[in-house]
Structure formats: C-alpha cells, structure tokens
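Asker: Got a structure for you, written out below as structure tokens; questions coming shortly.
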Amino acid sequence: MIDYKKELNPEQYQAVTTIQGPVLIIAGAGSGKTRVITYRISYMLDSHIPQKNILALTFTNKAAKEMWERVRQLTGKKLTNLTVSTFHSFGAQILREKIHHLGYRPNFSIYDTQDQTELIKQCAKETNLHPELLNIGLIKNIISGIKTDRIQWTEENEVYQQVFLEYQAHLKAYHAVDFDDLIVLPNKLFSEQPNILEEYRNRYKYIMIDEFQDTSILQYNFIKQLAEKNRNICVVGDDDQSIYSWRGANYQNIMLFEKDFPERVEIKLEQNYRSVQTILEAANHLISHNTNRKDKKLWTGKEDNNKIQLIFVDDEKKEAEFIAEHIRTIVLKERAAYHQIGVLVRTNNLMATLENTLLQNNVPYKLSGGKSFFERKEVKDIIAYLRAILNPDDDISILRIINTPKRGIGRQTIQHIGDIATEQGISIYSAISSIRYAEDSPVSNTIKKTLDEFMAIIEDYNYRLNNTGSIAETIRELIDDINYFEYLLGEYRDNDNIARYKYQNIMLFTDLIERWEKDPDNLNPNLWSYLTKISLSSREDNTEESEKGKVNLMTIHAAKGLEFDHVFLAGVEDGIIPHQRAIEDDPSNIEEERRLFYVAITRAKQKLYLTTCKKRKIMREEKEQTPSPFLEEMPQHLITSEEPSQEMTEEEVDKLFADLKKRFSE
DNA sequence: AATTGGTGGATTTTT
DNA sequence: TCCACCAATT
C-alpha cells in the first residue's frame with residue numbers, strides 16, 4: 001500500500017486525496033504535476049472506484065503514454081479498463097461508437113493536415129475561387145475557426161464561405177472527418193442526443209484534465225457537458241505555460257471553470273522539484289513581465305552556483321558546432337547521459353543544421369517533431385491504399401493512389417471521372433464503377449480495363465483485410481501486387497539507394513503493424529483502429545530502448561512536459577524568439593512568446609545554455625541577427641556570457657578528450 | 001495523353 | 001532545402 005502522506009508534500013497530498021467534487025490545481029513548472037495525477041488515479045483505485053469510471057485526458061500521445069505507464073508501475077495493477085488518452089483519440093473513440101447517428105459510416109477516414117490541404121485545393125477549384133485568394137494556410141485557419149466557433153463570418157472572410165460549405169459537404173460525402181471534427185462532432189452528439197450524453201456520463205464519473213490551459217473553448221464545453229452532472233472533475237494547469245493559443249487554446253477556461261464549478265477546491269503547487277535556484281529565479285523574473293496571470297511564487301530547495309551560459313557565435317554553423325562539441329565535453333567531463341540532454345529550438349527549420357552537425361560529431365540524437373514516419377511519402381501512399389480499401393468513398397485517398405504506381409490513368413481521365421462524380425453527386429470510386437458500363441463513356445477501352453483492375457484490387461483486399469488472417473501479411477502481399485518496389489526504382493532511377501531506403505521504410509511500416517497485431521495487450525486488432533492510432537500520433541513517440549542514450553533535439557512546443565539535466569536553447573535571437581511572424585500578426589503575442597521562452601528554460605534541471613548568432617541564413621539570405629530581447633528580462637547576475645571559443649582543430653579536440661579520459665581513469 | 005524535367009516560390013508552433 | 005506548378009517531350 002502506498003503511503004500517500006509520506007510520498008507527497010501537503011499541497012500534493014490534498015490534490016491527490018480530494019477526489020469528490022470539482023478541483024482546480026494550479027501547478028507551476030516542475031511542481032510534480034504528473035506525479036499528482038498518477039497518484040490521484042492510484043488513490044481512486046485504492047478507494048474502490050472502478051477503472052472504467054475514470055477518464056484522464058491529456059494533450060499529447062506522449063503524455064498519455066507516460067501517464068499510463070506511471071500509473072501501471074505505481075499500482076502494479078493491470079489496467080484494462082482505465083481510459084487515459086488525448087482529447088482527439090477520445091473523440092475518435094466516441095465517434096467510432098456513435099458516428100452512425102450523424103449519418104457517417106463507422107469506417108470513417110481521419111484526415112490529417114496533408115489530406116486537408118488536398119481537399120481545400122479541390123474545393124477551391126470547384127467553387128472557382130479566384131487564384132489570388134488561394135492561400136491554403138489562411139483558408140485552413142478560417143475553416144477551423146468557423147467550425148470551432150472561434151471566429152464568425154465577416155465581410156473580410158466571407159469570400160471563403162463557399163469553399164467552407166463545399167469542404168464540409170465533401171468531408172461528409174467521403175465519410176471523412178478532420179482533426180477539429182474529432183471534438184466538434186462528439187460535442188454535437190452530446191448536446192443534441194441526451195441519451196448518448198447520459199450514457200457517457202454514467203460511464204465516466206471521474207474526470208481529470210491535464211494541461212488545462214491548452215484546452216480550447218470547444219474542448220471545455222465538451223468536458224463540461226460530460227462532467228456537469230457528477231461534478232467529479234479535476235483540472236490541472238499552469239497559465240504561464242499556455243503556448244497553444246494559435247490553435248484555439250484559451251487559458252481563460254480557468255476562469256470559466258471557476259464560474260461553472262463555484263464549489264471547487266483550489267490548490268496551488270508552488271514547490272519546484274526540477275530546477276536549481278538559478279534557473280528558477282531567471283524564469284520567475286522573466287515571466288513576471290507578463291500581465292494578467294495567476295500569481296505564483298515558485299521556489300526550490302536546490303542551491304547552486306552555476307550560472308546560465310550565454311554564448312555568442314558567428315553563424316548557425318558555429319552554433320551547431322559549439323553545441324555538438326560541448327555535448328561531447330559534458331558527457332565526458334560530467335558524465336552526463338546523452339538522453340539527459342535537450343537541444344531546443346523555436347522552429348523546425350532550425351533543426352537541419354543542428355542535425356547534420358550532431359551527426360558529423362558522432363553525437364547520437366533523436367528527433368521529435370518535424371515530419372513523422374507516417375507522413376513520409378512512401379508510407380503515406382500505403383496508408384492511402386488501406387484507407388481507400390476500408391472506405392472507398394474517401395476520394396482524397398483514392399485520388400492519391402489511383403495512379404501510384406503509374407497505371408496510365410492521367411490527368412485527363414481523372415478529370416473525366418471527377419466531372420461525372422460532381423454531376424451525379426457521387427464519389428470518385430462510384431464514378432469509376434459507373435464509367436465501366438456507360439455506353440458513351442469518354443474514356444478508351446484500354447483505360448476502362450485499367451480501371452477495372454484498379455477496382456479489383458480495392459475489392460479483393462477489402463475482403464481479405466476483413467476476413468483473412470494476418471493483417472500485416474496481407475498488406476505485404478498488397479505492396480507486392482501493386483509492384484510498389486518497381487515503382488520506386490523507376491521514380492528514383494538515378495539513385496537506387498533512395499528507392500531501397502524508401503522500400504525499407506515500408507517494410508518497417510508493415511513490421512510495426514505486425515508487432516501491434518501480435519501484441520497480447522491489444523484488445524482490438526483491426527486495421528481501422530491502427531489507422532486511427534497513427535493518424536492521431538503524428539509524431540514518432542518511440543518509447544523503445546533506442547530512446548536511451550540519445551540527445552533530444554526538438555521544438556520548444558514538443559518539449560513541454562519534459563525535463564533534462566542540460567538544456568541548450570539555440571537561436572536566442574530577435575525574430576526567432578519572439579518569432580517575427582507572431583509579433584506581426586498581433587503585437588500582444590509577445591506574451592505567448594515569452595511563455596514559450598519560459599517553458600524552454602524551465603525544462604532545464606541543472607544547466608542552461610543559450611546560444612545567439614551574429615549572422616544567420618534565413619531563407620537563403622544571410623541576415624544580421626540581434627539577441628533576443630527576453631535576455632534582458634532575466635537578472636544579469638545569473639548569466640555569464642562568452643565570446644566564441646577559439647576554433648579547435650580535430651587533433652586538439654581529440655587531445656582534449658584524451659586528457660579528460662586520462663583524468664577519469666586516475 | 002502521360003511523363004519528365006525545369007523553374008520559381010515559400011517556410012511558426014501541432015492534435 | 002523541398003515542393004508545387006508549368007511547358008516540352010515521347
């Protein structure tokens with residue numbers, strides 16, 4: 001039995017043991033937030049609350065996974081009925097069970113950003129949108145804003161109204177949903193169908209929300225509906241770490257919660273267990289420049305004399321070299337473990353140089369963020385096949401694969417098929433099927449035959465994936481049947497290695513499916529669940545052994561919730577952080593950029609390094625850079641700055657390392 | 001009619 | 001650096 005009183009501080013103890021009624025926990029950075037949630041779940045189980053009545057929602061898959069794992073270790077129980085998931089996968093789960101009430105099939109496809117972009121382009125074309133107005137990013141924001149009630153139609157954006165309607169209609173016709181729908185549709189079900197809401201209220205009587213400051217209004221409404229009756233809801237958040245407002249996060253939800261659940265118990269966790277005094281003091285000082293925040297005083301018992309290091313270098317190349325070499329030094333000198341080192345950046349494009357340099361210096365690293373394995377073109381092709389096989393009305397997937405590998409179905413043919421589909425209001429797949437029998441069809445007999453073969457593949461594998469043995473094995477046969485490897489060789493005929501590499505990725509993909517399929521803990525090994533799982537985990541979250549022993553290279557956003565002994569923050573320059581674009585959008589975004597900087601520096605447990613370049617290549621151009629203004633918002637006595645260290649030759653570096661090694665062995 | 005190769009343009013953060 | 005669009009070629 002766990003001695004809760006002994007293992008937790010008084011505030012944490014109160015947070016863990018107050019399981020009836022609404023609770024608001026304001027948890028500063030590093031104050032043991034995850035610990036509180038996991039102990040709280042454990043405490044509930046000890047109080048004989050059934051697993052199936054507990055719902056814990058997080059923001060990222062990584063967090064969900066980690067929480068699950070920690071509860072499992074803490075309790076030693078088999079967690080078969082506990083629900084720990086992200087908002088989006090919880091939404092997907094509800095839709096899987098109930099989406100037929102909205103007229104979709106349960107085999108619906110989930111569109112990621114790429115698919116969404118394709119669809120928007122298609123809709124823009126169909127509505128004859130003026131090419132000058134075609135700004136996909138903007139349209140995406142408007143569509144998302146309207147769907148989630150964040151914005152209204154105005155004179156300015158109403159030109160996109162037609163595209164929006166078209167977009168929505170297409171999704172429905174394709175039996176497809178986008179990321180927003182994963183919250184919008186369950187929310188709609190809850191508000192329109194009281195019996196469904198009642199069913200979920202009875203199931204999930206105890207609800208916990210992690211990273212509450214990152215929830216959107218819509219997500220808030222969703223959980224409010226669910227929790228309103230039983231009122232056992234615990235939200236945990238930190239307004240200082242709200243960094244997703246661009247995606248609809250609304251930290252005012254904390255105030256809404258206070259209003260909607262006035263009987264709440266409020267608990268503040270202010271003791272920081274993560275960082276040393278220096279880092280915490282700098283962070284506190286920095287964040288105090290923000291207005292309109294809940295007052296907090298984070299404190300720690302960890303004294304130290306290490307200052308934050310600020311390093312000036314010439315350009316991004318030198319910056320990367322400094323980081324790579326310094327990592328090698330601290331690994332040798334301070335016996336730091338690679339996986340306890342984090343290299344953080346504001347934007348993905350800063351990662352390329354760092355990556356190359358780490359590679360050259362033999363520093364093992366692991367990326368999170370950036371392109372996911374499942375977003376690689378070759379893998380995405382196969383996924384599109386699988387989606388189309390499960391849901392042939394999914395036009396986006398059909399269009400992606402209809403001529404991949406090349407079968408001789410070109411632009412013209414596709415145009416014809418598309419016209420028929422639009423005229424008759426049917427999907428591309430149905431249109432193909434009707435072309436085959438049409439007397440005056442606009443396509444030649446040769447092409448008809450090709451189309452026949454294409455349909456045969458879809459139908460054949462639809463049957464096989466639903467009825468026969470191993471999913472992974474069937475997919476391998478599919479890849480073989482469509483001659484994908486030959487296609488790759490043709491596409492990259494000037495470089496066999498690329499083709500081989502891509503093919504290996506696909507083989508890896510099928511291996512992943514096989515492992516998932518054979519996992520004894522997997523209660524639901526059907527292909528649809530797998531496709532859903534990977535659509536929702538856009539990032540690679542390796543919890544494999546390979547994760548150990550590697551430096552973590554990631555964006556600040558991706559680093560939220562993580563901690564490292566040593567943190568390098570690269571590109572601490574004006575225009576990068578705060579990001580120029582963010583400020584241009586709205587000068588008040590400076591506060592969010594500051595929170596981002598705050599999140600970055602509070603990832604460090606012991607030592608923090610900030611690097612600033614004098615010049616940097618941005619979009620092919622050399623630009624003179626100036627240090628980030630945030631540097632001046634931290635007490636100067638906590639920071640020591642260095643001019644670039646003299647360049648060392650390869651031999652000198654080797655000699656230094658040899659010396660260090662010698663010192664150790666003495 | 002399909003494919004290939006060239007040129008120009010663009011890059012915040014993510015479920 | 002990578003991707004999308006356009007014109008010439010088979």
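Just so we're on the same page: first chain in the structure tokens is A, next is B, and so on; residues restart at 1 for each chain, and ligands are numbered from 1 in the order they show up.
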Per DSSP on the backbone, filter stretch 315-522 of chain A down to the residues in alpha helix (DSSP H) and report them as a count of residues only.
Answerer: 138
Asker: Give the strand (DSSP E) residues of stretch 145-344 of chain A, as DSSP finds them on the backbone, and put them as an mmCIF file with N, CA and C atoms, in the first residue's frame.
Answerer:
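Result file follows (out_38.cif):
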data_model
loop_
_atom_site.group_PDB
_atom_site.id
_atom_site.type_symbol
_atom_site.label_atom_id
_atom_site.label_comp_id
_atom_site.auth_asym_id
_atom_site.auth_seq_id
_atom_site.Cartn_x
_atom_site.Cartn_y
_atom_site.Cartn_z
ATOM 1 N N ALA A 176 -15.465 11.155 -44.099
ATOM 2 C CA ALA A 176 -14.178 11.527 -43.529
ATOM 3 C C ALA A 176 -14.371 12.655 -42.519
ATOM 4 N N VAL A 177 -13.501 12.707 -41.537
ATOM 5 C CA VAL A 177 -13.534 13.797 -40.561
ATOM 6 C C VAL A 177 -12.138 14.408 -40.454
ATOM 7 N N ASP A 178 -12.074 15.678 -40.101
ATOM 8 C CA ASP A 178 -10.757 16.276 -39.865
ATOM 9 C C ASP A 178 -10.504 16.348 -38.356
ATOM 10 N N TYR A 206 -15.479 10.057 -13.070
ATOM 11 C CA TYR A 206 -14.341 10.802 -12.509
ATOM 12 C C TYR A 206 -13.445 11.251 -13.649
ATOM 13 N N ILE A 207 -13.296 12.548 -13.779
ATOM 14 C CA ILE A 207 -12.601 13.076 -14.949
ATOM 15 C C ILE A 207 -11.415 13.938 -14.531
ATOM 16 N N MET A 208 -10.310 13.758 -15.226
ATOM 17 C CA MET A 208 -9.126 14.590 -14.962
ATOM 18 C C MET A 208 -8.605 15.174 -16.268
ATOM 19 N N ILE A 209 -8.279 16.424 -16.255
ATOM 20 C CA ILE A 209 -7.771 17.082 -17.457
ATOM 21 C C ILE A 209 -6.388 17.642 -17.177
ATOM 22 N N ILE A 233 -14.670 16.501 -11.247
ATOM 23 C CA ILE A 233 -13.738 16.865 -12.309
ATOM 24 C C ILE A 233 -12.562 17.611 -11.731
ATOM 25 N N CYS A 234 -11.390 17.196 -12.153
ATOM 26 C CA CYS A 234 -10.177 17.813 -11.646
ATOM 27 C C CYS A 234 -9.371 18.329 -12.828
ATOM 28 N N VAL A 235 -9.131 19.614 -12.861
ATOM 29 C CA VAL A 235 -8.336 20.157 -13.955
ATOM 30 C C VAL A 235 -6.994 20.653 -13.421
ATOM 31 N N VAL A 236 -5.948 20.382 -14.178
ATOM 32 C CA VAL A 236 -4.601 20.751 -13.753
ATOM 33 C C VAL A 236 -3.981 21.617 -14.828
ATOM 34 N N GLY A 237 -3.489 22.773 -14.443
ATOM 35 C CA GLY A 237 -2.913 23.614 -15.477
ATOM 36 C C GLY A 237 -1.984 24.674 -14.919
ATOM 37 N N VAL A 265 -12.541 23.158 -5.183
ATOM 38 C CA VAL A 265 -11.425 23.333 -4.255
ATOM 39 C C VAL A 265 -10.244 23.780 -5.098
ATOM 40 N N GLU A 266 -9.523 24.814 -4.674
ATOM 41 C CA GLU A 266 -8.405 25.301 -5.470
ATOM 42 C C GLU A 266 -7.088 25.035 -4.748
ATOM 43 N N ILE A 267 -6.155 24.441 -5.464
ATOM 44 C CA ILE A 267 -4.883 24.088 -4.845
ATOM 45 C C ILE A 267 -3.738 24.615 -5.705
ATOM 46 N N LYS A 268 -2.762 25.240 -5.063
ATOM 47 C CA LYS A 268 -1.601 25.729 -5.804
ATOM 48 C C LYS A 268 -0.370 24.896 -5.471
ATOM 49 N N LEU A 269 0.286 24.406 -6.477
ATOM 50 C CA LEU A 269 1.545 23.690 -6.261
ATOM 51 C C LEU A 269 2.682 24.623 -6.663
ATOM 52 N N ILE A 308 23.718 30.659 -15.759
ATOM 53 C CA ILE A 308 23.221 30.356 -17.092
ATOM 54 C C ILE A 308 24.261 30.850 -18.084
ATOM 55 N N GLN A 309 24.600 30.038 -19.056
ATOM 56 C CA GLN A 309 25.628 30.469 -20.005
ATOM 57 C C GLN A 309 25.031 31.000 -21.287
ATOM 58 N N LEU A 310 25.480 32.173 -21.647
ATOM 59 C CA LEU A 310 25.045 32.775 -22.897
ATOM 60 C C LEU A 310 26.232 32.791 -23.842
ATOM 61 N N ILE A 311 26.072 32.179 -24.989
ATOM 62 C CA ILE A 311 27.200 32.041 -25.901
ATOM 63 C C ILE A 311 26.930 32.764 -27.211
ATOM 64 N N PHE A 312 27.853 33.638 -27.596
ATOM 65 C CA PHE A 312 27.723 34.339 -28.878
ATOM 66 C C PHE A 312 28.568 33.638 -29.920
ATOM 67 N N VAL A 313 27.975 33.333 -31.048
ATOM 68 C CA VAL A 313 28.734 32.707 -32.127
ATOM 69 C C VAL A 313 28.453 33.445 -33.434
ATOM 70 N N ILE A 341 20.127 15.227 -22.062
ATOM 71 C CA ILE A 341 20.468 16.498 -22.686
ATOM 72 C C ILE A 341 19.383 16.845 -23.713
ATOM 73 N N GLY A 342 18.915 18.067 -23.652
ATOM 74 C CA GLY A 342 17.915 18.504 -24.620
ATOM 75 C C GLY A 342 18.427 19.676 -25.433
ATOM 76 N N VAL A 343 18.222 19.650 -26.744
ATOM 77 C CA VAL A 343 18.561 20.788 -27.597
ATOM 78 C C VAL A 343 17.244 21.312 -28.155
ATOM 79 N N LEU A 344 16.891 22.533 -27.762
ATOM 80 C CA LEU A 344 15.580 23.057 -28.127
ATOM 81 C C LEU A 344 15.680 24.206 -29.123
#
Asker: Any chance you could tabulate, as JSON lines, the residues of chain A at most 10 Å from chain C with each one's nearest atom pair and distance in Å to one decimal, using only C-alpha atoms (C1' of nucleotides), in chain and rising number order?
Answerer:
{"residue": "A:Asn349", "atom": "CA", "partner": "C:DT1", "partner_atom": "C1'", "distance": 9.7}
{"residue": "A:Ala352", "atom": "CA", "partner": "C:DT1", "partner_atom": "C1'", "distance": 9.4}
{"residue": "A:Met619", "atom": "CA", "partner": "C:DT1", "partner_atom": "C1'", "distance": 9.5}
{"residue": "A:Arg620", "atom": "CA", "partner": "C:DT1", "partner_atom": "C1'", "distance": 9.4}
Asker: Wanna dump the chain B-chain A contacts at 7 Å for me, each residue with its shortest atom pair and the distance in Å to one decimal, counting only C-alpha atoms (C1' of nucleotides), ordered by chain and number, as a tab-separated table?
Answerer:
residue	atom	partner	partner_atom	distance
B:DA2	C1'	A:Gly410	CA	6.1
B:DT12	C1'	A:Thr347	CA	6.1
B:DT13	C1'	A:His557	CA	6.4
B:DT15	C1'	A:His88	CA	6.5
Asker: I'd like the neighbourhood of A:Asn466 as a ChimeraX atom specification, where a residue qualifies if any of its atoms comes within 9 Å (using only C-alpha atoms (C1' of nucleotides)), though same-chain residues fewer than 5 positions away should be ignored.
Answerer: /A:390,461,471,526-527
Asker: Based on the selection just made, write all heavy atoms of those residues as a PDB file, in the first residue's frame.
Answerer:
ATOM      1  N   LEU A 390     -10.648   0.371 -46.972  1.00  0.00           N
ATOM      2  CA  LEU A 390     -11.674   0.330 -45.931  1.00  0.00           C
ATOM      3  C   LEU A 390     -12.851   1.234 -46.264  1.00  0.00           C
ATOM      4  O   LEU A 390     -13.987   0.967 -45.888  1.00  0.00           O
ATOM      5  CB  LEU A 390     -11.095   0.753 -44.574  1.00  0.00           C
ATOM      6  CG  LEU A 390     -10.116  -0.187 -43.887  1.00  0.00           C
ATOM      7  CD1 LEU A 390      -9.845   0.296 -42.480  1.00  0.00           C
ATOM      8  CD2 LEU A 390     -10.662  -1.608 -43.839  1.00  0.00           C
ATOM      9  N   TYR A 461      -8.865  -6.723 -51.729  1.00  0.00           N
ATOM     10  CA  TYR A 461      -8.224  -6.523 -50.433  1.00  0.00           C
ATOM     11  C   TYR A 461      -9.215  -6.095 -49.364  1.00  0.00           C
ATOM     12  O   TYR A 461      -8.989  -6.329 -48.180  1.00  0.00           O
ATOM     13  CB  TYR A 461      -7.046  -5.554 -50.556  1.00  0.00           C
ATOM     14  CG  TYR A 461      -5.842  -6.287 -51.095  1.00  0.00           C
ATOM     15  CD1 TYR A 461      -5.565  -6.328 -52.452  1.00  0.00           C
ATOM     16  CD2 TYR A 461      -5.025  -7.010 -50.228  1.00  0.00           C
ATOM     17  CE1 TYR A 461      -4.500  -7.041 -52.948  1.00  0.00           C
ATOM     18  CE2 TYR A 461      -3.945  -7.735 -50.718  1.00  0.00           C
ATOM     19  CZ  TYR A 461      -3.689  -7.747 -52.069  1.00  0.00           C
ATOM     20  OH  TYR A 461      -2.632  -8.468 -52.539  1.00  0.00           O
ATOM     21  N   ILE A 471      -3.077  -9.278 -40.797  1.00  0.00           N
ATOM     22  CA  ILE A 471      -3.212  -8.007 -41.492  1.00  0.00           C
ATOM     23  C   ILE A 471      -1.891  -7.624 -42.145  1.00  0.00           C
ATOM     24  O   ILE A 471      -1.826  -7.282 -43.326  1.00  0.00           O
ATOM     25  CB  ILE A 471      -3.655  -6.903 -40.506  1.00  0.00           C
ATOM     26  CG1 ILE A 471      -5.066  -7.210 -39.988  1.00  0.00           C
ATOM     27  CG2 ILE A 471      -3.630  -5.536 -41.178  1.00  0.00           C
ATOM     28  CD1 ILE A 471      -5.540  -6.267 -38.898  1.00  0.00           C
ATOM     29  N   ASN A 526      -7.966  -4.523 -35.147  1.00  0.00           N
ATOM     30  CA  ASN A 526      -8.467  -4.397 -36.513  1.00  0.00           C
ATOM     31  C   ASN A 526      -7.802  -3.205 -37.188  1.00  0.00           C
ATOM     32  O   ASN A 526      -7.332  -2.283 -36.529  1.00  0.00           O
ATOM     33  CB  ASN A 526      -9.996  -4.295 -36.543  1.00  0.00           C
ATOM     34  CG  ASN A 526     -10.486  -3.009 -35.931  1.00  0.00           C
ATOM     35  OD1 ASN A 526     -10.242  -1.919 -36.455  1.00  0.00           O
ATOM     36  ND2 ASN A 526     -11.163  -3.114 -34.801  1.00  0.00           N
ATOM     37  N   LEU A 527      -7.769  -3.270 -38.500  1.00  0.00           N
ATOM     38  CA  LEU A 527      -6.997  -2.291 -39.248  1.00  0.00           C
ATOM     39  C   LEU A 527      -7.472  -0.861 -39.002  1.00  0.00           C
ATOM     40  O   LEU A 527      -6.675   0.061 -38.912  1.00  0.00           O
ATOM     41  CB  LEU A 527      -7.072  -2.625 -40.740  1.00  0.00           C
ATOM     42  CG  LEU A 527      -6.260  -1.735 -41.665  1.00  0.00           C
ATOM     43  CD1 LEU A 527      -4.801  -1.732 -41.276  1.00  0.00           C
ATOM     44  CD2 LEU A 527      -6.420  -2.175 -43.109  1.00  0.00           C
TER      45      LEU A 527
END
Asker: Pick from A:Glu355, A:Glu325, A:Glu11, A:Glu126: nearest to A:Asp419, with only C-alpha atoms counted?
Answerer: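 Under the stated criterion, the closest residue is A:Glu126.
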Asker: Using Å and a single decimal, report how far atom CA of A:Asn232 sits from atom CA of A:Gln20.
Answerer: 5.4 Å
